[in-house]
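S.K.: To be precise about what I am sending: the file is called target_32.cif and holds mmCIF, C-alpha atoms.
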```cif
data_data
#
loop_
_atom_site.group_PDB
_atom_site.id
_atom_site.type_symbol
_atom_site.label_atom_id
_atom_site.label_comp_id
_atom_site.auth_asym_id
_atom_site.auth_seq_id
_atom_site.Cartn_x
_atom_site.Cartn_y
_atom_site.Cartn_z
ATOM 1 C CA MET A 1256 16.888 -1.208 39.154
ATOM 2 C CA ALA A 1257 13.242 -1.371 38.086
ATOM 3 C CA VAL A 1258 11.993 -4.476 36.289
ATOM 4 C CA GLY A 1259 11.351 -2.466 33.112
ATOM 5 C CA ASP A 1260 14.880 -1.084 33.170
ATOM 6 C CA GLN A 1261 16.306 -4.564 33.680
ATOM 7 C CA GLU A 1262 14.382 -5.898 30.681
ATOM 8 C CA ARG A 1263 15.459 -2.977 28.500
ATOM 9 C CA GLU A 1264 19.066 -3.629 29.491
ATOM 10 C CA ARG A 1265 18.673 -7.317 28.670
ATOM 11 C CA VAL A 1266 17.250 -6.469 25.244
ATOM 12 C CA ALA A 1267 20.069 -4.037 24.529
ATOM 13 C CA ASP A 1268 22.717 -6.533 25.676
ATOM 14 C CA VAL A 1269 21.401 -9.403 23.521
ATOM 15 C CA ILE A 1270 21.212 -7.192 20.438
ATOM 16 C CA ALA A 1271 24.656 -5.715 21.119
ATOM 17 C CA VAL A 1272 26.179 -9.211 21.300
ATOM 18 C CA GLU A 1273 24.408 -10.236 18.079
ATOM 19 C CA LEU A 1274 25.652 -7.132 16.238
ATOM 20 C CA ARG A 1275 29.249 -7.463 17.401
ATOM 21 C CA GLY A 1276 31.556 -7.444 14.401
ATOM 22 C CA ALA A 1277 28.689 -7.004 11.912
ATOM 23 C CA GLY A 1278 29.167 -4.765 8.890
ATOM 24 C CA PRO A 1279 26.309 -2.410 7.947
ATOM 25 C CA GLN A 1280 24.902 -4.805 5.344
ATOM 26 C CA ASP A 1281 24.661 -7.564 7.984
ATOM 27 C CA VAL A 1282 22.870 -5.491 10.635
ATOM 28 C CA PRO A 1283 19.220 -6.127 9.567
ATOM 29 C CA GLN A 1284 19.785 -9.894 9.432
ATOM 30 C CA ARG A 1285 21.528 -9.899 12.821
ATOM 31 C CA LEU A 1286 18.702 -7.838 14.348
ATOM 32 C CA CYS A 1287 16.182 -10.434 13.201
ATOM 33 C CA ASP A 1288 18.338 -13.219 14.635
ATOM 34 C CA ALA A 1289 18.446 -11.386 17.986
ATOM 35 C CA VAL A 1290 14.653 -11.114 18.039
ATOM 36 C CA LEU A 1291 14.351 -14.899 18.056
ATOM 37 C CA LYS A 1292 16.525 -15.017 21.186
ATOM 38 C CA LEU A 1293 14.401 -12.425 22.977
ATOM 39 C CA LEU A 1294 10.835 -13.415 22.120
ATOM 40 C CA PRO A 1295 8.774 -16.617 21.727
ATOM 41 C CA VAL A 1296 8.441 -16.235 17.962
ATOM 42 C CA SER A 1297 9.484 -18.468 15.078
ATOM 43 C CA GLY A 1298 10.494 -15.711 12.661
ATOM 44 C CA ALA A 1299 11.110 -11.997 12.268
ATOM 45 C CA SER A 1300 11.650 -9.496 9.467
ATOM 46 C CA VAL A 1301 12.482 -5.819 9.176
ATOM 47 C CA SER A 1302 11.404 -3.463 6.408
ATOM 48 C CA LEU A 1303 11.497 0.273 5.741
ATOM 49 C CA VAL A 1304 8.692 2.479 4.526
ATOM 50 C CA GLY A 1305 9.240 2.988 0.797
ATOM 51 C CA ASP A 1306 7.490 4.898 -1.953
ATOM 52 C CA GLY A 1307 4.300 2.857 -2.373
ATOM 53 C CA MET A 1308 5.692 -0.390 -0.934
ATOM 54 C CA PRO A 1309 7.775 -1.616 1.992
ATOM 55 C CA VAL A 1310 11.478 -2.137 1.308
ATOM 56 C CA PRO A 1311 12.608 -5.446 2.886
ATOM 57 C CA LEU A 1312 15.857 -5.180 4.830
ATOM 58 C CA GLY A 1313 16.310 -8.528 6.492
ATOM 59 C CA ALA A 1314 14.649 -11.692 7.755
ATOM 60 C CA SER A 1315 15.512 -14.445 10.204
ATOM 61 C CA GLY A 1316 15.022 -17.223 7.678
ATOM 62 C CA GLY A 1317 13.476 -18.334 4.414
ATOM 63 C CA ARG A 1318 9.893 -18.502 5.658
ATOM 64 C CA ALA A 1319 10.026 -15.026 7.227
ATOM 65 C CA ALA A 1320 11.568 -13.657 4.023
ATOM 66 C CA TYR A 1321 8.824 -15.305 1.943
ATOM 67 C CA VAL A 1322 5.992 -13.888 4.062
ATOM 68 C CA MET A 1323 7.601 -10.441 4.027
ATOM 69 C CA GLU A 1324 8.036 -10.581 0.245
ATOM 70 C CA MET A 1325 4.406 -11.659 -0.092
ATOM 71 C CA GLN A 1326 3.259 -8.390 1.495
ATOM 72 C CA VAL A 1327 5.360 -6.448 -0.998
ATOM 73 C CA SER A 1328 3.813 -8.358 -3.889
ATOM 74 C CA LEU A 1329 0.225 -8.111 -2.648
ATOM 75 C CA GLY A 1330 0.395 -4.561 -1.289
ATOM 76 C CA ASP A 1331 -1.532 -5.872 1.699
ATOM 77 C CA GLY A 1332 -0.846 -7.310 5.134
ATOM 78 C CA PRO A 1333 -0.118 -6.400 8.765
ATOM 79 C CA CYS A 1334 3.227 -4.773 7.867
ATOM 80 C CA LEU A 1335 1.613 -2.252 5.524
ATOM 81 C CA GLU A 1336 -1.188 -1.531 7.963
ATOM 82 C CA ALA A 1337 1.280 -0.910 10.799
ATOM 83 C CA ALA A 1338 3.329 1.420 8.580
ATOM 84 C CA GLU A 1339 0.230 3.353 7.508
ATOM 85 C CA THR A 1340 -1.280 3.709 10.983
ATOM 86 C CA GLY A 1341 1.865 3.914 13.102
ATOM 87 C CA SER A 1342 0.230 1.425 15.479
ATOM 88 C CA VAL A 1343 0.922 -2.177 16.441
ATOM 89 C CA VAL A 1344 -1.123 -4.553 14.280
ATOM 90 C CA VAL A 1345 -1.939 -7.985 15.657
ATOM 91 C CA ALA A 1346 -3.242 -10.974 13.712
ATOM 92 C CA PRO A 1347 -3.731 -13.667 16.393
ATOM 93 C CA ASP A 1348 -4.916 -16.383 14.005
ATOM 94 C CA LEU A 1349 -4.594 -16.042 10.244
ATOM 95 C CA THR A 1350 -6.965 -18.970 9.752
ATOM 96 C CA SER A 1351 -9.764 -17.223 11.667
ATOM 97 C CA ASP A 1352 -12.603 -15.418 9.905
ATOM 98 C CA ARG A 1353 -11.532 -12.118 11.492
ATOM 99 C CA ASP A 1354 -8.001 -12.107 10.095
ATOM 100 C CA ALA A 1355 -8.955 -13.752 6.799
ATOM 101 C CA VAL A 1356 -11.411 -10.919 6.123
ATOM 102 C CA ARG A 1357 -8.775 -8.273 6.860
ATOM 103 C CA TRP A 1358 -6.189 -9.688 4.431
ATOM 104 C CA PRO A 1359 -7.826 -12.521 2.445
ATOM 105 C CA VAL A 1360 -4.980 -13.547 0.129
ATOM 106 C CA TYR A 1361 -2.165 -12.733 2.532
ATOM 107 C CA ALA A 1362 -3.804 -14.637 5.400
ATOM 108 C CA GLN A 1363 -4.377 -17.731 3.263
ATOM 109 C CA GLN A 1364 -0.880 -17.821 1.792
ATOM 110 C CA ALA A 1365 0.921 -17.007 5.054
ATOM 111 C CA ALA A 1366 -1.015 -19.731 6.875
ATOM 112 C CA ALA A 1367 -0.209 -22.168 4.065
ATOM 113 C CA ALA A 1368 3.477 -21.333 4.627
ATOM 114 C CA GLY A 1369 3.148 -22.229 8.315
ATOM 115 C CA VAL A 1370 2.662 -18.757 9.826
ATOM 116 C CA ARG A 1371 -0.380 -18.713 12.113
ATOM 117 C CA SER A 1372 -0.057 -15.377 13.928
ATOM 118 C CA VAL A 1373 1.679 -12.061 13.233
ATOM 119 C CA TYR A 1374 2.669 -8.973 15.210
ATOM 120 C CA ALA A 1375 3.683 -5.926 13.159
ATOM 121 C CA LEU A 1376 5.323 -3.177 15.196
ATOM 122 C CA PRO A 1377 6.037 0.275 13.730
ATOM 123 C CA LEU A 1378 9.605 1.530 13.926
ATOM 124 C CA GLY A 1379 10.046 5.202 14.791
ATOM 125 C CA ASP A 1380 8.051 7.509 16.985
ATOM 126 C CA SER A 1381 4.592 9.079 17.097
ATOM 127 C CA ALA A 1382 5.584 11.585 14.410
ATOM 128 C CA VAL A 1383 7.348 9.369 11.862
ATOM 129 C CA CYS A 1384 7.124 5.639 11.135
ATOM 130 C CA VAL A 1385 10.295 4.601 9.306
ATOM 131 C CA GLY A 1386 9.418 0.943 8.907
ATOM 132 C CA THR A 1387 8.157 -2.140 10.706
ATOM 133 C CA LEU A 1388 9.386 -5.092 12.700
ATOM 134 C CA ASP A 1389 7.241 -8.134 11.905
ATOM 135 C CA LEU A 1390 7.078 -11.081 14.295
ATOM 136 C CA TYR A 1391 5.814 -14.454 13.078
ATOM 137 C CA ARG A 1392 4.601 -17.424 15.118
ATOM 138 C CA ASP A 1393 3.772 -20.934 13.953
ATOM 139 C CA VAL A 1394 1.009 -21.219 16.560
ATOM 140 C CA PRO A 1395 -2.145 -19.103 16.940
ATOM 141 C CA GLY A 1396 -2.691 -16.778 19.873
ATOM 142 C CA GLU A 1397 -1.483 -13.443 21.173
ATOM 143 C CA LEU A 1398 1.791 -12.795 22.943
ATOM 144 C CA ALA A 1399 1.658 -12.534 26.735
ATOM 145 C CA GLY A 1400 1.665 -9.053 28.246
ATOM 146 C CA ASP A 1401 5.319 -9.244 29.306
ATOM 147 C CA ASP A 1402 6.328 -10.390 25.828
ATOM 148 C CA VAL A 1403 4.410 -7.518 24.224
ATOM 149 C CA ARG A 1404 6.298 -5.047 26.418
ATOM 150 C CA THR A 1405 9.574 -6.715 25.464
ATOM 151 C CA ALA A 1406 8.594 -6.573 21.783
ATOM 152 C CA ARG A 1407 8.066 -2.810 22.052
ATOM 153 C CA MET A 1408 11.490 -2.444 23.652
ATOM 154 C CA VAL A 1409 12.993 -4.547 20.881
ATOM 155 C CA ALA A 1410 11.347 -2.306 18.272
ATOM 156 C CA ASP A 1411 12.881 0.758 19.954
ATOM 157 C CA VAL A 1412 16.375 -0.760 19.921
ATOM 158 C CA VAL A 1413 15.960 -1.974 16.313
ATOM 159 C CA THR A 1414 14.945 1.555 15.290
ATOM 160 C CA ALA A 1415 18.014 3.017 16.988
ATOM 161 C CA ALA A 1416 20.292 0.421 15.369
ATOM 162 C CA LEU A 1417 18.937 1.145 11.880
ATOM 163 C CA VAL A 1418 19.123 4.911 12.312
ATOM 164 C CA ALA A 1419 22.754 4.546 13.401
ATOM 165 C CA LEU A 1420 23.742 2.878 10.114
ATOM 166 C CA PRO A 1421 25.908 4.946 7.745
ATOM 167 C CA ARG A 1422 23.918 6.981 5.257
ATOM 168 C CA ALA A 1423 23.971 5.911 1.623
ATOM 169 C CA GLY A 1424 25.006 8.298 -1.082
ATOM 170 C CA ARG A 1425 22.627 9.374 -3.812
ATOM 171 C CA SER A 1426 22.384 7.225 -6.909
ATOM 172 C CA GLY A 1427 25.772 6.990 -8.538
ATOM 173 C CA GLU A 1428 27.593 8.170 -5.409
ATOM 174 C CA GLY A 1429 29.539 5.879 -3.165
ATOM 175 C CA GLY A 1430 28.043 4.719 0.122
ATOM 176 C CA ALA A 1431 29.882 4.748 3.414
ATOM 177 C CA ASP A 1432 31.833 1.695 2.341
ATOM 178 C CA GLY A 1433 32.341 2.828 -1.233
ATOM 179 C CA SER A 1434 29.321 0.945 -2.591
ATOM 180 C CA GLU A 1435 26.994 2.503 -5.098
ATOM 181 C CA GLY A 1436 23.553 3.809 -4.314
ATOM 182 C CA VAL A 1437 20.406 2.292 -5.813
ATOM 183 C CA ASP A 1438 18.054 4.217 -8.067
ATOM 184 C CA GLY A 1439 14.805 5.007 -6.305
ATOM 185 C CA VAL A 1440 15.777 3.090 -3.180
ATOM 186 C CA ASP A 1441 18.959 4.610 -1.797
ATOM 187 C CA GLY A 1442 17.650 6.763 0.975
ATOM 188 C CA VAL A 1443 14.114 5.324 0.664
ATOM 189 C CA ASP A 1444 12.877 8.848 0.156
ATOM 190 C CA GLY A 1445 9.509 8.039 1.664
ATOM 191 C CA VAL A 1446 11.341 7.988 4.999
ATOM 192 C CA ASP A 1447 11.856 11.751 5.041
ATOM 193 C CA GLY A 1448 15.298 11.438 3.475
ATOM 194 C CA ALA A 1449 16.589 8.977 6.073
ATOM 195 C CA GLY A 1450 19.083 7.494 3.582
ATOM 196 C CA PHE A 1451 20.036 4.307 5.379
ATOM 197 C CA TRP A 1452 22.872 2.170 4.067
ATOM 198 C CA LEU A 1453 20.923 -0.637 2.450
ATOM 199 C CA SER A 1454 21.255 -4.380 2.896
ATOM 200 C CA PRO A 1455 21.652 -6.651 -0.150
ATOM 201 C CA LEU A 1456 17.962 -7.554 0.157
ATOM 202 C CA ALA A 1457 16.941 -3.903 -0.084
ATOM 203 C CA THR A 1458 19.403 -3.310 -2.907
ATOM 204 C CA ASP A 1459 17.776 -6.149 -4.828
ATOM 205 C CA HIS A 1460 14.443 -4.379 -4.487
ATOM 206 C CA GLY A 1461 15.904 -1.383 -6.301
ATOM 207 C CA GLU A 1462 15.035 -3.361 -9.422
ATOM 208 C CA VAL A 1463 11.329 -3.140 -8.528
ATOM 209 C CA TYR A 1464 11.547 0.649 -8.666
ATOM 210 C CA ARG A 1465 13.304 0.490 -12.019
ATOM 211 C CA ALA A 1466 10.614 -1.867 -13.309
ATOM 212 C CA VAL A 1467 7.905 0.543 -12.128
ATOM 213 C CA GLY A 1468 9.603 3.316 -14.086
ATOM 214 C CA MET A 1469 9.689 1.174 -17.218
ATOM 215 C CA VAL A 1470 5.998 0.278 -16.867
ATOM 216 C CA MET A 1471 5.207 3.983 -16.427
ATOM 217 C CA ALA A 1472 6.981 4.728 -19.702
ATOM 218 C CA GLN A 1473 5.374 1.818 -21.553
ATOM 219 C CA LEU A 1474 1.808 2.614 -20.480
ATOM 220 C CA GLY A 1475 2.008 6.353 -19.851
ATOM 221 C CA VAL A 1476 0.628 5.977 -16.326
ATOM 222 C CA ALA A 1477 1.545 7.325 -12.891
ATOM 223 C CA ALA A 1478 3.782 5.433 -10.483
ATOM 224 C CA ASP A 1479 0.985 4.134 -8.268
ATOM 225 C CA GLU A 1480 -0.874 2.657 -11.248
ATOM 226 C CA ALA A 1481 2.324 1.175 -12.669
ATOM 227 C CA LEU A 1482 3.011 -0.499 -9.331
ATOM 228 C CA ALA A 1483 -0.570 -1.789 -9.196
ATOM 229 C CA ARG A 1484 -0.187 -3.249 -12.717
ATOM 230 C CA LEU A 1485 3.103 -4.897 -11.720
ATOM 231 C CA ARG A 1486 1.520 -6.392 -8.617
ATOM 232 C CA GLY A 1487 -1.553 -7.561 -10.513
ATOM 233 C CA GLN A 1488 0.468 -9.295 -13.211
ATOM 234 C CA ALA A 1489 2.747 -10.917 -10.629
ATOM 235 C CA PHE A 1490 -0.251 -12.242 -8.705
ATOM 236 C CA ALA A 1491 -1.928 -13.520 -11.875
ATOM 237 C CA LYS A 1492 1.237 -15.418 -12.790
ATOM 238 C CA GLY A 1493 1.785 -16.745 -9.275
ATOM 239 C CA ARG A 1494 5.073 -14.917 -8.953
ATOM 240 C CA SER A 1495 6.560 -12.285 -6.670
ATOM 241 C CA VAL A 1496 6.829 -8.651 -7.699
ATOM 242 C CA LEU A 1497 10.609 -8.965 -7.481
ATOM 243 C CA GLU A 1498 10.680 -11.925 -9.898
ATOM 244 C CA LEU A 1499 8.506 -10.101 -12.417
ATOM 245 C CA ALA A 1500 10.568 -6.932 -12.006
ATOM 246 C CA HIS A 1501 13.685 -8.861 -13.044
ATOM 247 C CA GLU A 1502 11.929 -9.812 -16.295
ATOM 248 C CA VAL A 1503 10.723 -6.270 -16.966
ATOM 249 C CA VAL A 1504 14.174 -4.781 -16.431
ATOM 250 C CA ALA A 1505 15.720 -7.507 -18.623
ATOM 251 C CA GLN A 1506 13.090 -6.594 -21.262
ATOM 252 C CA ARG A 1507 11.702 -10.113 -21.374
ATOM 253 C CA THR A 1508 8.275 -8.839 -20.307
ATOM 254 C CA ARG A 1509 6.523 -5.702 -21.518
ATOM 255 C CA PHE A 1510 3.251 -4.193 -20.410
ATOM 256 C CA ASP A 1511 2.340 -2.139 -23.494
ATOM 257 C CA ASP A 1512 1.662 -5.280 -25.512
ATOM 258 C CA ASP A 1513 1.539 -7.766 -22.583
ATOM 259 C CA SER A 1514 4.083 -9.976 -24.346
ATOM 260 C CA THR A 1515 7.046 -11.990 -23.192
ATOM 261 C CA VAL A 1516 10.079 -12.127 -25.435
#
```
Mind turning this structure into structure tokens?
M.R.:
Amino acid sequence: MAVGDQERERVADVIAVELRGAGPQDVPQRLCDAVLKLLPVSGASVSLVGDGMPVPLGASGGRAAYVMEMQVSLGDGPCLEAAETGSVVVAPDLTSDRDAVRWPVYAQQAAAAGVRSVYALPLGDSAVCVGTLDLYRDVPGELAGDDVRTARMVADVVTAALVALPRAGRSGEGGADGSEGVDGVDGVDGVDGAGFWLSPLATDHGEVYRAVGMVMAQLGVAADEALARLRGQAFAKGRSVLELAHEVVAQRTRFDDDSTV
């Protein structure tokens, strides 16, 4: 057996063991846990391409989840660039001038959280990018050549595992396990209708889409501008988009009079 085939088999075996007995909602988290056993990284997260923003699916821990959520809030970072280009995006040192210029706020905040380097790998093929696998390291520097090849194999297996998940029903319809769909997120329609069964983390982000709709109605603007306003206000208040979305949906924050009630 060729060395490449042996490594691919090793990757598949480790992920298969990690996923054993996992329900659909646990799969993204388990995939991230498997990544840490296969690669010299300190964290990993998985997200899908959404309508105007990535939809977080899972993370290996609190720091990875925070850095992933930061990209959603800022609308900037390696994850978004990898999703847009369909290419691997590497940030070898977030404290360097090169990476700080590419993503000024993201680089500063991620480094402050202890993340020094990032690899963002697109999930899918040359025709369609369905999401990204983000790898985080607490030391600067690029992965070795063998590790990069393994990371690409991992991304392929992660893609296959996500595609194999049961499809969610449309909003108001039961999912594969009888759960309800999520407005604007079930199916993540930006992924060419690839209605994946969503993890609790992704379900939570359904509230962001509802908040965007409410801001659209309050200001009479298009979805992209409403999302930009939501992001801008969240950044100004030092909060995440998800936290601010909770307030908008609960009608404690409005954008037409910029008041909090």
S.K.: Quick one: residues within 10 Å of region 1491-1501 of chain A, all atoms listed in the file counted, chain neighbours fewer than 5 positions away excluded, as a list in words?
M.R.: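 Near neighbours after the sequence-gap exclusion: Tyr1321, Glu1324, Met1325, Gln1326, Val1327, Ser1328, Leu1329, Gly1330, Asp1459, His1460, Gly1461, Glu1462, Val1463, Tyr1464, Arg1465, Ala1466, Val1467, Met1469, Val1470, Leu1482, Leu1485, Arg1486, Gln1506, Arg1507 and Thr1508 of chain A.
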S.K.: Can you write out as a tab-separated table which residues of region 1320-1376 of chain A fall within 9 Å of region 1285-1300 of chain A, alongside each residue's closest atom pair and its distance in Å to one decimal, counting all atoms listed in the file and ordering rows by chain and ascending residue number?
M.R.:
```
residue	atom	partner	partner_atom	distance
A:Ala1320	CA	A:Ser1300	CA	6.9
A:Val1322	CA	A:Ser1300	CA	9.0
A:Met1323	CA	A:Ser1300	CA	6.8
A:Val1370	CA	A:Ser1297	CA	8.6
```
S.K.: In Å, how far is it from CA of Arg1371 (chain A) to CA of Asp1354 (chain A)?
M.R.: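 Taking CA of Arg1371 (chain A) and CA of Asp1354 (chain A), their separation equals 10.3 Å.
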S.K.: Given the file shown, enumerate the residues that the PyMOL selection byres ((chain A and resi 1404) around 12) captures and present them as a PyMOL selection string.
M.R.: chain A and resi 1258-1260+1262-1263+1266+1293-1294+1343+1376+1398-1403+1405-1411
S.K.: What would the file look like if the residues just selected were written as a CSV table (one decimal), keeping the file's coordinate frame with C-alpha atoms?
M.R.:
```csv
chain,number,residue,atom,x,y,z
A,1258,VAL,CA,12.0,-4.5,36.3
A,1259,GLY,CA,11.4,-2.5,33.1
A,1260,ASP,CA,14.9,-1.1,33.2
A,1262,GLU,CA,14.4,-5.9,30.7
A,1263,ARG,CA,15.5,-3.0,28.5
A,1266,VAL,CA,17.2,-6.5,25.2
A,1293,LEU,CA,14.4,-12.4,23.0
A,1294,LEU,CA,10.8,-13.4,22.1
A,1343,VAL,CA,0.9,-2.2,16.4
A,1376,LEU,CA,5.3,-3.2,15.2
A,1398,LEU,CA,1.8,-12.8,22.9
A,1399,ALA,CA,1.7,-12.5,26.7
A,1400,GLY,CA,1.7,-9.1,28.2
A,1401,ASP,CA,5.3,-9.2,29.3
A,1402,ASP,CA,6.3,-10.4,25.8
A,1403,VAL,CA,4.4,-7.5,24.2
A,1405,THR,CA,9.6,-6.7,25.5
A,1406,ALA,CA,8.6,-6.6,21.8
A,1407,ARG,CA,8.1,-2.8,22.1
A,1408,MET,CA,11.5,-2.4,23.7
A,1409,VAL,CA,13.0,-4.5,20.9
A,1410,ALA,CA,11.3,-2.3,18.3
A,1411,ASP,CA,12.9,0.8,20.0
```
S.K.: Can you tell me, as a ChimeraX atom specification, what residues are no more than 12 Å from Gly1341 (chain A) when counting all atoms listed in the file, ignoring any on the same chain fewer than 2 positions away?
M.R.: /A:1304,1333-1339,1343-1344,1375-1388
S.K.: As an exercise, work out the distance from CA of Asp1479 (chain A) to CA of Ser1372 (chain A) in Å and give it to one decimal place.
M.R.: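 We find that CA of Asp1479 (chain A) and CA of Ser1372 (chain A) lie 29.6 Å from each other.
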S.K.: Between A:Pro1283, A:Arg1392, A:Ala1267, A:Gln1261, which has the minimum distance to Leu1417 (chain A) (counting all atoms listed in the file)?
M.R.: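 Residue with the minimum atom-to-atom distance to Leu1417 (chain A): A:Pro1283.
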S.K.: Of the candidates A:Leu1420, A:Ala1314, A:Ala1489, A:Met1471, which one gets nearest to Gly1278 (chain A) if we count only C-alpha atoms?
M.R.: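 The shortest atom-to-atom distance to Gly1278 (chain A) comes from A:Leu1420.
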S.K.: Figure out the distance between CA of Gly1305 (chain A) and CA of Val1356 (chain A), please, to one decimal in Å.
M.R.: 25.5 Å
